[in-house]
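Novice: Sharing a structure with you now.
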Amino acid sequence: MIELNIVKLKPDIYWVGGIDWNIRNFHGYLTQRGTTYNAYLIIDNKITLVESVKHYLFDEMLSRIKELIDPSKIDYIISNHVEMDHSGSIPKLLEICKNAKVITSTRGEKGLKRHFKRNLNLRIVKSGDTLNIGKRTLHFVEIPMVHWPDSMVTYIPSDKLLIPNDAFGQHIASSERFDDQIEWGILREEAAKYYANIVMPYGNQVEKALDALSKLDIDMIAPSHGIIWRSFIPNILKEYTKWARYETDDKALIVYDSMWGSTEKIAYSLREGIEEEGIPVTMRNLKTTHISDIITEVISSKLILLGSPTLNNTMLPSMGGFLTYLKGLRPKNRVGHVFGSYGWGGQAVGEIEKILKDLSWDIPFESINLNYIPDKEELLDVRKKGKKLGKYIKK
Ligand code: FEO
């Protein structure tokens, strides 16, 4: 059953998207609150749909559109971003509104053609181009690599409305559509998780996009996932500016896995030492925490410690998987430290250290690599190392 929760954003502008209540894995990202794919219908002389939804929510979107207009009357479909969670329904929609023109960027054209393998009735726009649809004129600004090459925003000056696709999104499925209907703590956490897992590699491009968007008069930001910003716009812009600059807080994150408990003992002693310096520490065991949640902690932590024992001459697969993910997301300006335990060989620590060096992290102290089970004195030394690290990041 489809609940028709159509929401008016502005006069004649409606949310008609789809709610994915049960999705828990979004290409590997743990979406514990589900998500939405937001589509916006603008009823003007030319009827315009901005974005569409993931293919399996097409009927849900269509039902919402039907409550407002005859979908065959849609004149324009704006595709701000090719990724299939937003474009997946375009072919089905074009079977209904056969004469609709799809508006996209140059890179969007390439992407849509590669995905759909058919000729589409396209109009290509670039930054600064406009499209008059009657009472309104839509403006387009390309924001390449936030987070795909084709990414673009649609801005409607007369309504002070920005539709920026994935930027400012969060994976939250809810009946509520606006930021003042959901707790800020939840919004911030999900926006941070979204940024960390999707946007983090592109900080420089985000800064450029924020600069371009700062010139616009905006009182509503309607992203393609989650809730629409209208009351907390300064708050989310402030967070984005901080994340784009790779700014962190004076806090530590310890990410580890352990076979027989030795590496875990080291992790806990490090924590005690760091805390002695008044630095808050978050412990994350790779056995119990999903990597997409650990990455959320990475965006705000200045000091990141990584620990693994050596197994078969290398690190544990859980740490290998986490580091592959971390390498791709490329967090900058972090202080790193590596620790582990071993029976013989002990290669894990060196391998982890190499990856942190490749990320150009500051590694001020020698790694900890202890044989079999650490004794009291060794753990005392580890604690002292933790204290040194805590002091170091307070400099
Ligand atoms: Fe929500 Fe990049 O797609």
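Chain identifiers are assigned as A, B, and so on, following the order in which chains appear in the structure tokens; residues are numbered from 1 within each chain, and ligands are numbered from 1 in order of appearance.
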What's the 7 Å shell around Val338 of chain A, counting only C-alpha atoms, without same-chain residues fewer than 5 positions away, as a list in words?

Specialist: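 After dropping sequence-adjacent residues, the list is Leu305, Leu306, Gly307, Val349, Ile352, Glu353, Ser367 and Ile368 of chain A.
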
Novice: For Ser258 of chain A, please output as a list in words all residues within 7 Å (counting only C-alpha atoms; exclusion window: fewer than 6 positions along the same chain).

Specialist: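 Those residues are Glu264, Ser308 and Pro309 of chain A.
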
Novice: If you keep N, CA, C and O atoms, can you produce a file of those selected residues as a short mmCIF file (atom, residue, chain, number, x, y, z; two decimals), in the first residue's frame?

Specialist:
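As a result, result-v9.cif now contains:
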data_model
loop_
_atom_site.label_atom_id
_atom_site.label_comp_id
_atom_site.auth_asym_id
_atom_site.auth_seq_id
_atom_site.Cartn_x
_atom_site.Cartn_y
_atom_site.Cartn_z
N GLU A 264 43.69 -6.15 21.78
CA GLU A 264 42.65 -5.42 22.52
C GLU A 264 43.20 -4.83 23.82
O GLU A 264 42.87 -3.71 24.21
N SER A 308 45.97 -4.17 14.79
CA SER A 308 45.65 -5.52 14.32
C SER A 308 46.79 -6.46 14.70
O SER A 308 47.96 -6.09 14.61
N PRO A 309 46.45 -7.67 15.07
CA PRO A 309 47.51 -8.67 15.21
C PRO A 309 47.95 -9.14 13.82
O PRO A 309 47.30 -8.80 12.83
#

Novice: Taking only C-alpha atoms and all ligand atoms into account, which residues are within 7 Å of ligand 1, as JSON, numbers by chain?

Specialist: {"A": [81, 83, 84, 85, 86, 147, 148, 166, 224, 225]}

Novice: Just all heavy atoms for this one: save the residues we selected as a PDB file, in the first residue's frame.

Specialist:
ATOM      1  N   HIS A  81      21.791  14.348 -11.504  1.00  0.00           N
ATOM      2  CA  HIS A  81      22.834  13.358 -11.175  1.00  0.00           C
ATOM      3  C   HIS A  81      22.424  12.016 -11.762  1.00  0.00           C
ATOM      4  O   HIS A  81      21.276  11.591 -11.608  1.00  0.00           O
ATOM      5  CB  HIS A  81      22.939  13.294  -9.639  1.00  0.00           C
ATOM      6  CG  HIS A  81      23.882  12.289  -9.090  1.00  0.00           C
ATOM      7  ND1 HIS A  81      25.049  11.928  -9.720  1.00  0.00           N
ATOM      8  CD2 HIS A  81      23.850  11.565  -7.935  1.00  0.00           C
ATOM      9  CE1 HIS A  81      25.686  11.038  -8.975  1.00  0.00           C
ATOM     10  NE2 HIS A  81      24.971  10.790  -7.898  1.00  0.00           N
ATOM     11  N   GLU A  83      23.434   8.875 -11.090  1.00  0.00           N
ATOM     12  CA  GLU A  83      23.397   7.640 -10.296  1.00  0.00           C
ATOM     13  C   GLU A  83      21.953   7.130 -10.200  1.00  0.00           C
ATOM     14  O   GLU A  83      21.001   7.898 -10.056  1.00  0.00           O
ATOM     15  CB  GLU A  83      24.004   7.875  -8.903  1.00  0.00           C
ATOM     16  CG  GLU A  83      24.399   6.565  -8.234  1.00  0.00           C
ATOM     17  CD  GLU A  83      25.330   6.725  -7.039  1.00  0.00           C
ATOM     18  OE1 GLU A  83      25.631   7.861  -6.624  1.00  0.00           O
ATOM     19  OE2 GLU A  83      25.761   5.667  -6.515  1.00  0.00           O
ATOM     20  N   MET A  84      21.831   5.804 -10.283  1.00  0.00           N
ATOM     21  CA  MET A  84      20.521   5.206 -10.549  1.00  0.00           C
ATOM     22  C   MET A  84      19.501   5.330  -9.415  1.00  0.00           C
ATOM     23  O   MET A  84      18.321   5.072  -9.614  1.00  0.00           O
ATOM     24  CB  MET A  84      20.692   3.727 -10.924  1.00  0.00           C
ATOM     25  CG  MET A  84      21.293   3.529 -12.307  1.00  0.00           C
ATOM     26  SD  MET A  84      20.214   4.079 -13.658  1.00  0.00           S
ATOM     27  CE  MET A  84      20.944   5.662 -14.073  1.00  0.00           C
ATOM     28  N   ASP A  85      19.933   5.735  -8.234  1.00  0.00           N
ATOM     29  CA  ASP A  85      18.931   5.973  -7.189  1.00  0.00           C
ATOM     30  C   ASP A  85      18.104   7.220  -7.512  1.00  0.00           C
ATOM     31  O   ASP A  85      17.020   7.405  -6.950  1.00  0.00           O
ATOM     32  CB  ASP A  85      19.564   6.070  -5.788  1.00  0.00           C
ATOM     33  CG  ASP A  85      20.758   7.004  -5.711  1.00  0.00           C
ATOM     34  OD1 ASP A  85      21.444   7.198  -6.730  1.00  0.00           O
ATOM     35  OD2 ASP A  85      21.012   7.537  -4.618  1.00  0.00           O
ATOM     36  N   HIS A  86      18.596   8.035  -8.446  1.00  0.00           N
ATOM     37  CA  HIS A  86      17.838   9.236  -8.837  1.00  0.00           C
ATOM     38  C   HIS A  86      17.344   9.198 -10.278  1.00  0.00           C
ATOM     39  O   HIS A  86      16.378   9.870 -10.614  1.00  0.00           O
ATOM     40  CB  HIS A  86      18.686  10.490  -8.615  1.00  0.00           C
ATOM     41  CG  HIS A  86      19.256  10.541  -7.231  1.00  0.00           C
ATOM     42  ND1 HIS A  86      18.454  10.629  -6.115  1.00  0.00           N
ATOM     43  CD2 HIS A  86      20.523  10.427  -6.787  1.00  0.00           C
ATOM     44  CE1 HIS A  86      19.217  10.587  -5.037  1.00  0.00           C
ATOM     45  NE2 HIS A  86      20.468  10.459  -5.419  1.00  0.00           N
ATOM     46  N   HIS A 147      28.877  14.352  -5.809  1.00  0.00           N
ATOM     47  CA  HIS A 147      30.046  13.519  -5.663  1.00  0.00           C
ATOM     48  C   HIS A 147      30.402  12.724  -6.929  1.00  0.00           C
ATOM     49  O   HIS A 147      31.311  11.874  -6.875  1.00  0.00           O
ATOM     50  CB  HIS A 147      29.838  12.555  -4.488  1.00  0.00           C
ATOM     51  CG  HIS A 147      28.791  11.485  -4.793  1.00  0.00           C
ATOM     52  ND1 HIS A 147      29.103  10.143  -4.773  1.00  0.00           N
ATOM     53  CD2 HIS A 147      27.498  11.552  -5.157  1.00  0.00           C
ATOM     54  CE1 HIS A 147      28.022   9.431  -5.080  1.00  0.00           C
ATOM     55  NE2 HIS A 147      27.040  10.261  -5.316  1.00  0.00           N
ATOM     56  N   TRP A 148      29.724  12.968  -8.059  1.00  0.00           N
ATOM     57  CA  TRP A 148      30.078  12.352  -9.340  1.00  0.00           C
ATOM     58  C   TRP A 148      30.453  13.472 -10.315  1.00  0.00           C
ATOM     59  O   TRP A 148      30.068  14.632 -10.089  1.00  0.00           O
ATOM     60  CB  TRP A 148      28.880  11.562  -9.905  1.00  0.00           C
ATOM     61  CG  TRP A 148      28.766  10.134  -9.445  1.00  0.00           C
ATOM     62  CD1 TRP A 148      29.296   9.589  -8.305  1.00  0.00           C
ATOM     63  CD2 TRP A 148      28.076   9.056 -10.115  1.00  0.00           C
ATOM     64  NE1 TRP A 148      28.960   8.249  -8.224  1.00  0.00           N
ATOM     65  CE2 TRP A 148      28.221   7.901  -9.324  1.00  0.00           C
ATOM     66  CE3 TRP A 148      27.344   8.955 -11.298  1.00  0.00           C
ATOM     67  CZ2 TRP A 148      27.677   6.655  -9.675  1.00  0.00           C
ATOM     68  CZ3 TRP A 148      26.793   7.725 -11.648  1.00  0.00           C
ATOM     69  CH2 TRP A 148      26.967   6.590 -10.854  1.00  0.00           C
ATOM     70  N   ASP A 166      22.621  15.066  -4.175  1.00  0.00           N
ATOM     71  CA  ASP A 166      23.142  14.343  -3.010  1.00  0.00           C
ATOM     72  C   ASP A 166      23.707  15.269  -1.919  1.00  0.00           C
ATOM     73  O   ASP A 166      23.725  14.895  -0.736  1.00  0.00           O
ATOM     74  CB  ASP A 166      24.252  13.376  -3.440  1.00  0.00           C
ATOM     75  CG  ASP A 166      23.696  12.095  -4.055  1.00  0.00           C
ATOM     76  OD1 ASP A 166      22.576  11.700  -3.711  1.00  0.00           O
ATOM     77  OD2 ASP A 166      24.391  11.494  -4.895  1.00  0.00           O
ATOM     78  N   SER A 224      18.380  15.231  -2.302  1.00  0.00           N
ATOM     79  CA  SER A 224      17.735  14.074  -2.920  1.00  0.00           C
ATOM     80  C   SER A 224      17.567  12.898  -1.963  1.00  0.00           C
ATOM     81  O   SER A 224      16.998  11.877  -2.328  1.00  0.00           O
ATOM     82  CB  SER A 224      18.524  13.641  -4.149  1.00  0.00           C
ATOM     83  OG  SER A 224      19.849  13.358  -3.763  1.00  0.00           O
ATOM     84  N   HIS A 225      18.130  13.014  -0.748  1.00  0.00           N
ATOM     85  CA  HIS A 225      17.908  11.979   0.278  1.00  0.00           C
ATOM     86  C   HIS A 225      17.543  12.647   1.596  1.00  0.00           C
ATOM     87  O   HIS A 225      18.166  13.638   1.992  1.00  0.00           O
ATOM     88  CB  HIS A 225      19.177  11.160   0.533  1.00  0.00           C
ATOM     89  CG  HIS A 225      19.657  10.373  -0.643  1.00  0.00           C
ATOM     90  ND1 HIS A 225      19.012   9.256  -1.118  1.00  0.00           N
ATOM     91  CD2 HIS A 225      20.741  10.536  -1.433  1.00  0.00           C
ATOM     92  CE1 HIS A 225      19.678   8.771  -2.143  1.00  0.00           C
ATOM     93  NE2 HIS A 225      20.725   9.521  -2.369  1.00  0.00           N
TER      94      HIS A 225
END

Novice: Using only C-alpha atoms, which of the listed residues (A:Gly273, A:Thr324, A:Tyr256, A:Gly261) sits closest to Thr288 of chain A?

Specialist: A:Tyr256

Novice: Could you work out how far atom CA of Lys117 of chain A lies from atom CA of Gly17 of chain A, giving the answer in Å with one decimal?

Specialist: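 Separating atom CA of Gly17 of chain A from atom CA of Lys117 of chain A is a distance of 24.9 Å.
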
Novice: Would you give me, as an MDAnalysis selection string, the residues in segment 17-231 of chain A that DSSP reads as helix (DSSP H, G or I)?

Specialist: chainID A and resid 55:68 71:73 84:87 90:96 106:116 157:159 179:181 184:214
